[in-house]
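Student: Could you have a look at this structure, given as structure tokens, before my questions?
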Amino acid sequence: MPIRILPPEVAVKIAAGEVIERPASVAKELIENAIDAGAQEIHVEIAQGGRRLVKVSDDGCGIPADEVELAFARHATSKLQSVEDLYRVRTLGFRGEALASIAAVSRLTLTTRAADEKVGTLIRLEGGEIIHREPLGRPPGTMVLVENLFFNTPVRLKFLRSDTTEAGHVARLLSSYALAFPEKRFTLQNGSRLVLRTTGTGALYDAIVAIYGVDVAEQMFPIPRPEEDQPVKVWGYIGAPSLHRSNRLEIIFFVNRRWVQDNALSYAITEAYRTLIPQGRYPVAILNIELPPEQVDVNIHPTKREVRFRQKNLVFVSVQKAVRSTLMAKHSVPAVQVPRSPLAGWRPPARSTPSQAHMALELYRPGELPRLGDSQERLSTPPQTERLPMLRVLGQLAQTYIIAEGPGGMYLIDQHAAHERIRYEELKAQRERAEVASQELLEPLPIELSPRQATLLEAHLEDLALYGFEIIPFGGSTFLVKRVPAQLVGQAIAAAIMELLDAAIDGGKDFSWEEQTLITLACHTAIRAGQTLSLEEMRTLIQQLEKTSLPHTCPHGRPTMIHLSQAQLEKEFGRR
Amino acid sequence: MKVSCLQENLARGLSIVGRAVATRSTLPVLANILLSTDAGRLKLSATNLEIGINCWIGAQVEQEGAVTVPARLLTEFVNSLPAERIDMELLPRTQTLNLKCSRFEANIRGIDAQEFPPIIIPEEDSRANIPAEVLRRMIDQVVFAAATDESRPVLTGVLAEVSAESLTFAAADGYRLSVSSASLENGPETPLSLIIPARALQELRRISAEAEGAVQMLVAQSRNQVFFHFDDIDLISQLVEGTFPNYKQIIPTSYNTRTVLDTGEFLKAMRMAFIFARDSSNIVRLQITPNGGGGRLVISASSAEYGDNVSELDAVVEGQPIEIAFNARYLIDALNVIDTEQVALETRDPSSPGVIRPVDGTDFVHVVMPMHISR
């Protein structure tokens with residue numbers, strides 16, 4: 001096949017594909033334009049997750065009438081004049097690709113009026129072609145209406161997720177910009193529902209209150225903006241160690257007010273919180289990183305979500321220092337430094353067997369280093385298919401593990417994991433009998449969610465109703481809980497709902513509401529580690545565990561018990 | 001310090017203040033009881049910084065002084081002594097308390113009394129006198145409804161509203177509300193409301209079990225404390241900060257069905273139903289049918305695994321027939337504290353709160369939210 005230069009309409013679509021991935025990318029480009037235009041008020045409206053409609057209006061400087069067409073030409077921008085400018089980019093956009101790319105894959109209407117002109121312009125494009133243009137009266141500013149996104153690229157359309165997921169991405173995007181620009185007023189409307197509104201007071205704290213609610217805001221520690229001249233300035237808010245999430249989504253960075261993703265920075269923060277928050281949980285942080293524009297290269301990624309620092313280490317250290325010193329000052333108990341043992345750095349081979357490995361360490365005689373290769377054969381989780389043997393409870397260890405004797409030697413049972421399994425199967429059986437007991441609340445309990453959580457919850461209210469939750473929207477991202485599953489009575493309801501939503505966000509497409517709701521309920525109603533149990537309670541627990549269909553693992557997949565055989569004991573004590 | 005007292009008096013005093021001793025505290029002195037001479041008597045004090053208890057016992061004071069000694073050790077030792085005279089003497093240099101009783105002797109090492117946080121009797125803002133018997137009844141009728149989880153701290157307390165003529169206690173845990181009132185003589189001029197930790201009231205209930213006269217209640221709102229005094233005992237408690245939900249608007253003002261039952265029979269039937277209900281979230285179903293002037297209540301509970309139970313009670317039903325479900329535990333808790341022969345259950349529909357009131361009796365209202373079983 002001969003090599004040919006691509007026709008322009010094909011080239012444009014390919015380029016557009018890099019910048020515009022989903023409705024949220026449209027919103028992103030348009031919001032950045034609005035911000036670069038000096039807008040004070042930015043209003044975003046979406047319908048059907050942005051698939052049908054994304055509308056961004058602002059009160060910025062507008063586009064002069066004679067430049068309107070030019071704005072849709074590729075590589076047309078008012079933000080950059082020369083190559084030198086590219087090394088000190090101060091605006092959010094600069095490539096001149098956004099409008100052209102969006103126009104190429106949608107039906108787009110733009111109305112605008114420059115502040116110093118009397119008449120504005122309306123222009124309509126379809127698949128990048130101008131089909132209509134007329135003068136129009138309107139206040140200064142710009143409105144871009146993007147309809148039927150990807151109507152001419154069916155493949156891209158197929159890759160879009162559900163409306164809820166797409167709306168969630170837009171909500172997260174808006175939240176981030178609102179945090180980066182607290183002096184601007186942002187509103188986001190999804191269909192007829194107002195999802196987010198910030199006040200634009202200029203105080204980051206107010207933006208945090210608007211987005212996360214007062215409960216979260218009150219648990220945030222400020223990192224003030226350093227006064228003196230520093231090469232890298234780090235400031236913002238970080239969550240108290242008591243505030244943690246199951247994912248990294250609430251670790252948000254702005255580099256020179258640009259929202260970026262950077263795994264190294266995220267890691268720097270998570271590290272700063274080490275030992276302060278439980279393992280597998282992540283802190284909440286909203287950080288501004290300010291450095292001279294020539295120190296950052298933003299022209300790395302088509303959507304500018306990644307940046308490159310000229311002095312990566314300096315940035316990393318500055319962030320970690322700022323976070324750690326704030327935590328230290330606020331958190332009176334210093335974090336314990338665990339002395340390095342000869343085995344530090346060694347990790348158990350697979351995620352599913354951590355308890356075995358730790359156990360192995362305990363069993364060695366003092367002074368003798370464990371031979372790591374042996375640990376696998378020394379201890380084993382009992383084979384999965386086998387029913388539980390008859391167990392005789394001997395006692396409790398560290399208020400967490402039940403020690404039991406069976407015909408095959410000694411068993412250690414994790415009380416929480418075991419009870420979780422029991423609760424899970426009970427709840428599942430109830431569900432199969434289609435019998436769900438729920439309890440009404442005396443007074444509706446208000447819960448405040450992040451816009452992303454709220455969008456998700458709103459879409460799944462009916463799924464939750466099947467399990468006995470009755471939750472109704474109460475404006476913005478506040479919801480009222482009116483009824484809860486009977487098992488949750490006496491438990492922290494808001495925490496359980498948050499956990500469920502976070503799990504749903506993490507789970508993505510493969511997520512099963514049915515299963516996760518059961519797991520969350522099981523986890524919240526199971527006895528905890530650290531709870532003293534009487535011998536009778538432990539016996540009952542084991543009896544109940546025996547009746548379950550999968551007694552060897554908890555619903556999260558961790559083992560409920562580990563086994564130390566008679567033969568192993570004899571070998572350890574040198575009897576054989 | 002040199003003091004003598006009777007073993008039974010000391011043992012009783014120690015058991016009273018013992019409940020305020022901190023069990024898990026980083027401050028070692030809080031695990032101790034303060035013994036001090038006070039105007040010819042021996043004063044025992046303990047505090048966990050949330051509540052504090054003072055108790056005075058009759059004693060012969062030869063020499064004034066004070067010391068703190070480990071609560072558990074002292075209490076267990078004194079409890080095992082014969083009912084005779086105990087002579088105590090403090091060796092100030094080593095802060096060691098020497099105890100002699102009959103032919104038994106012990107030396108207990110203590111901590112300097114200076115280190116014990118002072119339990120200050122608040123300067124009174126407002127005062128009320130409540131007959132001990134009334135106070136006990138009121139505490140019993142509300143404390144069980146206070147929340148045990150800490151997610152909403154105000155709900156772990158009991159709201160007390162005091163005015164010139166009345167005292168009202170209210171407690172709620174998010175699923176039920178209990179309100180108990182009594183009339184007062186000479187209450188404070190300006191009405192006030194405060195939230196007392198449920199635990200403090202439970203302790204007050206326990207240590208005032210035998211009190212017969214009036215219990216004096218002093219409120220020091222500036223210091224955020226409440227203080228109770230009766231006989232030879234003081235109890236002081238921190239108040240819970242925050243705003244208690246407006247409980248009055250939670251109490252329904254109308255009903256469609258009013259069912260009057262024999263309290264004892266209802267309670268007995270509920271206890272029976274509970275045995276079957278406890279495996280299925282304590283859920284019991286009540287089926288109420290009017291019949292001319294009378295009517296009946298059918299209580300049913302079932303466990304998918306173990307079986308089911310149905311009880312039928314005679315009742316005086318006024319209004320519509322209704323089927324409604326409740327948590328058996330909640331109904332038992334409420335019925336347990338009703339001292340009248342008959343009780344009324346007022347309901348509107350299966351999703352509206354049920355109201356339990358004694359018939360012709362004390363001023364008590366209990367609101368309990370219904371449950372649902374979906375199929």
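Quick note on naming: the chains in the structure tokens go A, B, ... in the order shown, residues restart at 1 in each chain, and ligands are numbered from 1 in order of appearance.
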I want to know what sits within 12 Å of Leu90 (chain B), based on only C-alpha atoms, with residues of the same chain fewer than 6 positions away left out; could you give that as an mmCIF file with N, CA, C and O atoms, in the first residue's frame?
Tutor:
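File produced: part02.cif:
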data_model
loop_
_atom_site.group_PDB
_atom_site.id
_atom_site.type_symbol
_atom_site.label_atom_id
_atom_site.label_comp_id
_atom_site.auth_asym_id
_atom_site.auth_seq_id
_atom_site.Cartn_x
_atom_site.Cartn_y
_atom_site.Cartn_z
ATOM 1 N N MET B 1 -1.201 11.808 108.963
ATOM 2 C CA MET B 1 -2.613 11.448 109.085
ATOM 3 C C MET B 1 -2.741 10.214 109.975
ATOM 4 O O MET B 1 -1.986 9.254 109.841
ATOM 5 N N LYS B 2 -3.685 10.293 110.897
ATOM 6 C CA LYS B 2 -3.944 9.148 111.762
ATOM 7 C C LYS B 2 -5.452 9.082 111.976
ATOM 8 O O LYS B 2 -6.044 10.005 112.551
ATOM 9 N N VAL B 3 -6.076 8.016 111.485
ATOM 10 C CA VAL B 3 -7.545 7.928 111.491
ATOM 11 C C VAL B 3 -7.971 6.514 111.847
ATOM 12 O O VAL B 3 -7.285 5.545 111.524
ATOM 13 N N SER B 4 -9.128 6.402 112.519
ATOM 14 C CA SER B 4 -9.711 5.079 112.745
ATOM 15 C C SER B 4 -11.153 5.103 112.257
ATOM 16 O O SER B 4 -11.848 6.106 112.407
ATOM 17 N N LEU B 35 -7.681 9.652 100.191
ATOM 18 C CA LEU B 35 -8.231 9.608 101.542
ATOM 19 C C LEU B 35 -7.777 10.881 102.239
ATOM 20 O O LEU B 35 -6.579 11.185 102.267
ATOM 21 N N SER B 36 -8.728 11.645 102.783
ATOM 22 C CA SER B 36 -8.306 12.845 103.506
ATOM 23 C C SER B 36 -9.226 13.065 104.699
ATOM 24 O O SER B 36 -10.385 12.649 104.687
ATOM 25 N N THR B 37 -8.692 13.700 105.729
ATOM 26 C CA THR B 37 -9.511 13.999 106.892
ATOM 27 C C THR B 37 -10.245 15.290 106.611
ATOM 28 O O THR B 37 -9.708 16.208 105.987
ATOM 29 N N GLU B 62 -7.301 11.459 114.626
ATOM 30 C CA GLU B 62 -6.313 11.839 115.638
ATOM 31 C C GLU B 62 -5.353 12.872 115.092
ATOM 32 O O GLU B 62 -4.826 13.695 115.815
ATOM 33 N N GLN B 63 -5.089 12.736 113.786
ATOM 34 C CA GLN B 63 -4.141 13.661 113.173
ATOM 35 C C GLN B 63 -4.577 13.883 111.732
ATOM 36 O O GLN B 63 -4.855 12.940 110.996
ATOM 37 N N GLU B 64 -4.680 15.177 111.340
ATOM 38 C CA GLU B 64 -5.156 15.500 109.981
ATOM 39 C C GLU B 64 -4.136 15.058 108.928
ATOM 40 O O GLU B 64 -2.943 14.924 109.221
ATOM 41 N N GLY B 65 -4.577 14.908 107.700
ATOM 42 C CA GLY B 65 -3.652 14.554 106.621
ATOM 43 C C GLY B 65 -4.387 13.991 105.429
ATOM 44 O O GLY B 65 -5.614 13.881 105.438
ATOM 45 N N ALA B 66 -3.634 13.661 104.373
ATOM 46 C CA ALA B 66 -4.238 13.121 103.149
ATOM 47 C C ALA B 66 -3.221 12.306 102.377
ATOM 48 O O ALA B 66 -2.023 12.573 102.430
ATOM 49 N N VAL B 67 -3.707 11.300 101.657
ATOM 50 C CA VAL B 67 -2.833 10.486 100.814
ATOM 51 C C VAL B 67 -3.698 9.798 99.755
ATOM 52 O O VAL B 67 -4.910 9.661 99.941
ATOM 53 N N THR B 68 -3.092 9.406 98.623
ATOM 54 C CA THR B 68 -3.838 8.601 97.651
ATOM 55 C C THR B 68 -3.227 7.214 97.602
ATOM 56 O O THR B 68 -2.005 7.064 97.654
ATOM 57 N N VAL B 69 -4.073 6.192 97.523
ATOM 58 C CA VAL B 69 -3.579 4.814 97.444
ATOM 59 C C VAL B 69 -4.297 4.068 96.320
ATOM 60 O O VAL B 69 -5.430 4.394 95.986
ATOM 61 N N THR B 96 3.521 6.047 102.676
ATOM 62 C CA THR B 96 3.009 4.697 102.855
ATOM 63 C C THR B 96 1.907 4.729 103.904
ATOM 64 O O THR B 96 2.051 5.353 104.953
ATOM 65 N N LEU B 97 0.792 4.065 103.573
ATOM 66 C CA LEU B 97 -0.337 4.020 104.497
ATOM 67 C C LEU B 97 -0.306 2.686 105.232
ATOM 68 O O LEU B 97 -0.306 1.629 104.615
ATOM 69 N N ASN B 98 -0.260 2.785 106.544
ATOM 70 C CA ASN B 98 -0.248 1.580 107.370
ATOM 71 C C ASN B 98 -1.668 1.325 107.864
ATOM 72 O O ASN B 98 -2.317 2.221 108.405
ATOM 73 N N LEU B 99 -2.176 0.097 107.615
ATOM 74 C CA LEU B 99 -3.524 -0.238 108.071
ATOM 75 C C LEU B 99 -3.437 -1.409 109.043
ATOM 76 O O LEU B 99 -2.745 -2.394 108.776
ATOM 77 N N LYS B 100 -4.185 -1.259 110.162
ATOM 78 C CA LYS B 100 -4.240 -2.362 111.126
ATOM 79 C C LYS B 100 -5.686 -2.656 111.437
ATOM 80 O O LYS B 100 -6.487 -1.743 111.661
ATOM 81 N N ALA B 106 -1.267 -4.116 107.081
ATOM 82 C CA ALA B 106 -0.738 -3.952 105.724
ATOM 83 C C ALA B 106 -0.122 -2.578 105.585
ATOM 84 O O ALA B 106 -0.524 -1.633 106.269
ATOM 85 N N ASN B 107 0.879 -2.486 104.705
ATOM 86 C CA ASN B 107 1.437 -1.194 104.325
ATOM 87 C C ASN B 107 1.201 -1.022 102.836
ATOM 88 O O ASN B 107 1.579 -1.864 102.039
ATOM 89 N N ILE B 108 0.544 0.080 102.475
ATOM 90 C CA ILE B 108 0.251 0.295 101.055
ATOM 91 C C ILE B 108 0.937 1.581 100.619
ATOM 92 O O ILE B 108 0.750 2.633 101.219
ATOM 93 N N ARG B 109 1.768 1.453 99.585
ATOM 94 C CA ARG B 109 2.482 2.627 99.096
ATOM 95 C C ARG B 109 1.557 3.471 98.234
ATOM 96 O O ARG B 109 0.874 2.952 97.342
ATOM 97 N N GLY B 110 1.551 4.741 98.519
ATOM 98 C CA GLY B 110 0.624 5.630 97.812
ATOM 99 C C GLY B 110 1.351 6.694 97.014
ATOM 100 O O GLY B 110 2.560 6.641 96.811
ATOM 101 N N ILE B 111 0.588 7.641 96.514
ATOM 102 C CA ILE B 111 1.123 8.787 95.779
ATOM 103 C C ILE B 111 0.674 10.030 96.540
ATOM 104 O O ILE B 111 -0.439 10.073 97.071
ATOM 105 N N ASP B 112 1.545 11.022 96.581
ATOM 106 C CA ASP B 112 1.269 12.272 97.284
ATOM 107 C C ASP B 112 -0.115 12.837 96.911
ATOM 108 O O ASP B 112 -0.461 12.912 95.731
ATOM 109 N N ALA B 113 -0.884 13.219 97.919
ATOM 110 C CA ALA B 113 -2.234 13.743 97.689
ATOM 111 C C ALA B 113 -2.214 15.015 96.841
ATOM 112 O O ALA B 113 -3.206 15.339 96.179
#
Student: Pull out every residue of chain A sitting within 10 Å of chain B, counting only C-alpha atoms, and send them as a PyMOL selection string.
Tutor: chain A and resi 426+429-431+433-445+465-468+483-495
Student: Can you check which residues of region 445-475 of chain A DSSP gives as strand (DSSP E or B) on the backbone and send them as a PyMOL selection string?
Tutor: chain A and resi 445-448+470-473
Student: To one decimal place, how far is CA of Glu294 (chain A) from CA of Gln311 (chain A) in Å?
Tutor: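 Straight-line distance from CA of Glu294 (chain A) to CA of Gln311 (chain A) works out to 10.9 Å.
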Student: Name all residues at most 6 Å from region 40-54 of chain B (count only C-alpha atoms; drop same-chain ones fewer than 3 positions away) and give them as a list of chain:residue names.
Tutor: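 The residues satisfying every condition are B:Val17, B:Ala20, B:Val21, B:Ala22, B:Ile33, B:Leu34, B:Leu35, B:Ser36, B:Thr37, B:Ile57, B:Gly58, B:Ala59, B:Val61, B:Ile233, B:Asp234, B:Leu235, B:Ile236, B:Ser237, B:Gln238.
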Student: Just asking: which residues within region 492-551 of chain A are helix (DSSP H, G or I) according to DSSP, as number ranges by chain?
Tutor: A: 493-510, 513-525, 535-547
Student: Which residues come within 9 Å of Leu204 (chain B), counting only C-alpha atoms, excluding same-chain residues fewer than 2 positions away, as a PDB file with all heavy atoms, in the first residue's frame?
Tutor:
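The file below, selection04.pdb, is the result:
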ATOM      1  N   ARG B 136     -34.463   8.477  90.682  1.00  0.00           N
ATOM      2  CA  ARG B 136     -34.139   7.107  90.256  1.00  0.00           C
ATOM      3  C   ARG B 136     -35.091   6.649  89.158  1.00  0.00           C
ATOM      4  O   ARG B 136     -34.697   6.069  88.162  1.00  0.00           O
ATOM      5  CB  ARG B 136     -34.224   6.155  91.456  1.00  0.00           C
ATOM      6  CG  ARG B 136     -33.029   6.228  92.379  1.00  0.00           C
ATOM      7  CD  ARG B 136     -32.986   5.014  93.282  1.00  0.00           C
ATOM      8  NE  ARG B 136     -34.080   4.990  94.246  1.00  0.00           N
ATOM      9  CZ  ARG B 136     -33.990   5.483  95.493  1.00  0.00           C
ATOM     10  NH1 ARG B 136     -32.859   6.024  95.906  1.00  0.00           N
ATOM     11  NH2 ARG B 136     -35.006   5.413  96.315  1.00  0.00           N
ATOM     12  N   ILE B 139     -34.219   8.442  85.890  1.00  0.00           N
ATOM     13  CA  ILE B 139     -32.985   7.931  85.272  1.00  0.00           C
ATOM     14  C   ILE B 139     -33.274   6.593  84.599  1.00  0.00           C
ATOM     15  O   ILE B 139     -32.935   6.361  83.447  1.00  0.00           O
ATOM     16  CB  ILE B 139     -31.850   7.809  86.309  1.00  0.00           C
ATOM     17  CG1 ILE B 139     -31.444   9.191  86.822  1.00  0.00           C
ATOM     18  CG2 ILE B 139     -30.636   7.108  85.703  1.00  0.00           C
ATOM     19  CD1 ILE B 139     -30.411   9.165  87.941  1.00  0.00           C
ATOM     20  N   ARG B 199     -23.580   7.900  81.395  1.00  0.00           N
ATOM     21  CA  ARG B 199     -22.805   7.125  82.349  1.00  0.00           C
ATOM     22  C   ARG B 199     -22.824   7.761  83.735  1.00  0.00           C
ATOM     23  O   ARG B 199     -22.911   7.078  84.755  1.00  0.00           O
ATOM     24  CB  ARG B 199     -21.366   6.992  81.855  1.00  0.00           C
ATOM     25  CG  ARG B 199     -20.564   5.960  82.611  1.00  0.00           C
ATOM     26  CD  ARG B 199     -19.168   5.798  82.033  1.00  0.00           C
ATOM     27  NE  ARG B 199     -18.151   6.289  82.964  1.00  0.00           N
ATOM     28  CZ  ARG B 199     -17.692   5.581  83.990  1.00  0.00           C
ATOM     29  NH1 ARG B 199     -18.132   4.378  84.223  1.00  0.00           N
ATOM     30  NH2 ARG B 199     -16.783   6.083  84.791  1.00  0.00           N
ATOM     31  N   ALA B 200     -22.775   9.088  83.770  1.00  0.00           N
ATOM     32  CA  ALA B 200     -22.791   9.784  85.054  1.00  0.00           C
ATOM     33  C   ALA B 200     -24.114   9.527  85.763  1.00  0.00           C
ATOM     34  O   ALA B 200     -24.155   9.285  86.981  1.00  0.00           O
ATOM     35  CB  ALA B 200     -22.579  11.279  84.846  1.00  0.00           C
ATOM     36  N   LEU B 201     -25.200   9.543  84.997  1.00  0.00           N
ATOM     37  CA  LEU B 201     -26.505   9.301  85.610  1.00  0.00           C
ATOM     38  C   LEU B 201     -26.633   7.856  86.082  1.00  0.00           C
ATOM     39  O   LEU B 201     -27.247   7.573  87.116  1.00  0.00           O
ATOM     40  CB  LEU B 201     -27.628   9.643  84.631  1.00  0.00           C
ATOM     41  CG  LEU B 201     -27.837  11.137  84.375  1.00  0.00           C
ATOM     42  CD1 LEU B 201     -28.986  11.354  83.409  1.00  0.00           C
ATOM     43  CD2 LEU B 201     -28.121  11.885  85.680  1.00  0.00           C
ATOM     44  N   GLN B 202     -26.030   6.935  85.314  1.00  0.00           N
ATOM     45  CA  GLN B 202     -26.062   5.528  85.739  1.00  0.00           C
ATOM     46  C   GLN B 202     -25.346   5.359  87.081  1.00  0.00           C
ATOM     47  O   GLN B 202     -25.818   4.653  87.968  1.00  0.00           O
ATOM     48  CB  GLN B 202     -25.402   4.631  84.690  1.00  0.00           C
ATOM     49  CG  GLN B 202     -26.373   4.216  83.609  1.00  0.00           C
ATOM     50  CD  GLN B 202     -25.680   3.729  82.348  1.00  0.00           C
ATOM     51  OE1 GLN B 202     -24.459   3.882  82.191  1.00  0.00           O
ATOM     52  NE2 GLN B 202     -26.437   3.161  81.448  1.00  0.00           N
ATOM     53  N   ARG B 206     -26.834   4.289  90.746  1.00  0.00           N
ATOM     54  CA  ARG B 206     -26.289   3.183  91.519  1.00  0.00           C
ATOM     55  C   ARG B 206     -25.961   3.616  92.942  1.00  0.00           C
ATOM     56  O   ARG B 206     -26.334   2.950  93.910  1.00  0.00           O
ATOM     57  CB  ARG B 206     -25.023   2.657  90.834  1.00  0.00           C
ATOM     58  CG  ARG B 206     -24.491   1.351  91.364  1.00  0.00           C
ATOM     59  CD  ARG B 206     -23.182   0.988  90.688  1.00  0.00           C
ATOM     60  NE  ARG B 206     -22.144   1.971  90.964  1.00  0.00           N
ATOM     61  CZ  ARG B 206     -21.363   1.944  92.029  1.00  0.00           C
ATOM     62  NH1 ARG B 206     -21.484   0.991  92.921  1.00  0.00           N
ATOM     63  NH2 ARG B 206     -20.450   2.880  92.206  1.00  0.00           N
ATOM     64  N   ILE B 207     -25.286   4.780  93.065  1.00  0.00           N
ATOM     65  CA  ILE B 207     -24.848   5.153  94.422  1.00  0.00           C
ATOM     66  C   ILE B 207     -25.981   5.762  95.242  1.00  0.00           C
ATOM     67  O   ILE B 207     -25.871   5.881  96.458  1.00  0.00           O
ATOM     68  CB  ILE B 207     -23.628   6.112  94.393  1.00  0.00           C
ATOM     69  CG1 ILE B 207     -23.938   7.385  93.625  1.00  0.00           C
ATOM     70  CG2 ILE B 207     -22.410   5.415  93.815  1.00  0.00           C
ATOM     71  CD1 ILE B 207     -22.777   8.351  93.586  1.00  0.00           C
ATOM     72  N   SER B 208     -27.095   6.137  94.582  1.00  0.00           N
ATOM     73  CA  SER B 208     -28.193   6.706  95.361  1.00  0.00           C
ATOM     74  C   SER B 208     -29.278   5.668  95.581  1.00  0.00           C
ATOM     75  O   SER B 208     -30.388   6.004  95.974  1.00  0.00           O
ATOM     76  CB  SER B 208     -28.768   7.926  94.637  1.00  0.00           C
ATOM     77  OG  SER B 208     -29.420   7.519  93.462  1.00  0.00           O
ATOM     78  N   ALA B 209     -28.963   4.385  95.329  1.00  0.00           N
ATOM     79  CA  ALA B 209     -29.978   3.338  95.405  1.00  0.00           C
ATOM     80  C   ALA B 209     -30.693   3.318  96.746  1.00  0.00           C
ATOM     81  O   ALA B 209     -31.871   2.995  96.824  1.00  0.00           O
ATOM     82  CB  ALA B 209     -29.352   1.977  95.108  1.00  0.00           C
ATOM     83  N   PHE B 228     -24.213  16.703  91.934  1.00  0.00           N
ATOM     84  CA  PHE B 228     -25.325  16.145  92.709  1.00  0.00           C
ATOM     85  C   PHE B 228     -24.855  15.891  94.129  1.00  0.00           C
ATOM     86  O   PHE B 228     -23.734  15.420  94.336  1.00  0.00           O
ATOM     87  CB  PHE B 228     -25.798  14.822  92.096  1.00  0.00           C
ATOM     88  CG  PHE B 228     -26.384  14.963  90.731  1.00  0.00           C
ATOM     89  CD1 PHE B 228     -25.590  14.825  89.606  1.00  0.00           C
ATOM     90  CD2 PHE B 228     -27.735  15.250  90.559  1.00  0.00           C
ATOM     91  CE1 PHE B 228     -26.121  14.958  88.336  1.00  0.00           C
ATOM     92  CE2 PHE B 228     -28.276  15.379  89.286  1.00  0.00           C
ATOM     93  CZ  PHE B 228     -27.469  15.239  88.177  1.00  0.00           C
ATOM     94  N   LEU B 235     -21.521  13.771  93.689  1.00  0.00           N
ATOM     95  CA  LEU B 235     -21.097  13.280  92.376  1.00  0.00           C
ATOM     96  C   LEU B 235     -21.034  14.499  91.476  1.00  0.00           C
ATOM     97  O   LEU B 235     -21.956  15.305  91.436  1.00  0.00           O
ATOM     98  CB  LEU B 235     -22.068  12.251  91.812  1.00  0.00           C
ATOM     99  CG  LEU B 235     -21.665  11.679  90.441  1.00  0.00           C
ATOM    100  CD1 LEU B 235     -21.959  10.192  90.374  1.00  0.00           C
ATOM    101  CD2 LEU B 235     -22.349  12.388  89.284  1.00  0.00           C
TER     102      LEU B 235
END
Student: With only C-alpha atoms as the atoms that count, which of B:Arg19, B:Gln287, B:Glu305, B:Asp232 lies nearest to Ala211 (chain B)?
Tutor: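 Closest to Ala211 (chain B), using only C-alpha atoms: B:Asp232.
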Student: For a quick check of understanding, using only C-alpha atoms, which of A:Leu287, A:Ala98, A:Leu464, A:Leu533 has the smallest distance to Ile402 (chain A)?
Tutor: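 Nearest candidate to Ile402 (chain A) out of A:Leu287, A:Ala98, A:Leu464, A:Leu533: A:Leu533.
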Student: Restricting the calculation to only C-alpha atoms, which member of B:Gln141, B:Ala171, B:Ser126, B:Leu14 is positioned closest to Glu189 (chain B)?
Tutor: B:Ser126
Student: Identify, on the basis of only C-alpha atoms, every residue whose closest approach to Glu290 (chain A) does not exceed 7 Å; exclude the query and any residue fewer than 2 positions from it along the same chain; express the result as a list of chain:residue names.
Tutor: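 Result of the neighbour search: A:Val232, A:Lys233, A:Val234, A:Val255, A:Asn256, A:Asn288.
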Student: When you look at region 421-425 of chain A with a cut-off of 10 Å (counting only C-alpha atoms), what residues show up, excluding the ones that are within fewer than 3 positions of it in the same chain? I need them as a PyMOL selection string.
Tutor: chain A and resi 415-418+428-431+487+515+517-527+541-542+544-557+560
Student: Within 8 Å of region 238-254 of chain A, counting only C-alpha atoms, which residues show up once you throw out same-chain ones fewer than 4 positions away? Write them as a ChimeraX atom specification, please.
Tutor: /A:176,180,216,219-223,258-261,266,273,276-277,280-289,323,327,499,502-503,506
Student: Which value, in Å to one decimal, gives the distance between CA of Glu183 (chain A) and CA of Gly200 (chain A)?
Tutor: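 Straight-line distance from CA of Glu183 (chain A) to CA of Gly200 (chain A) works out to 4.3 Å.
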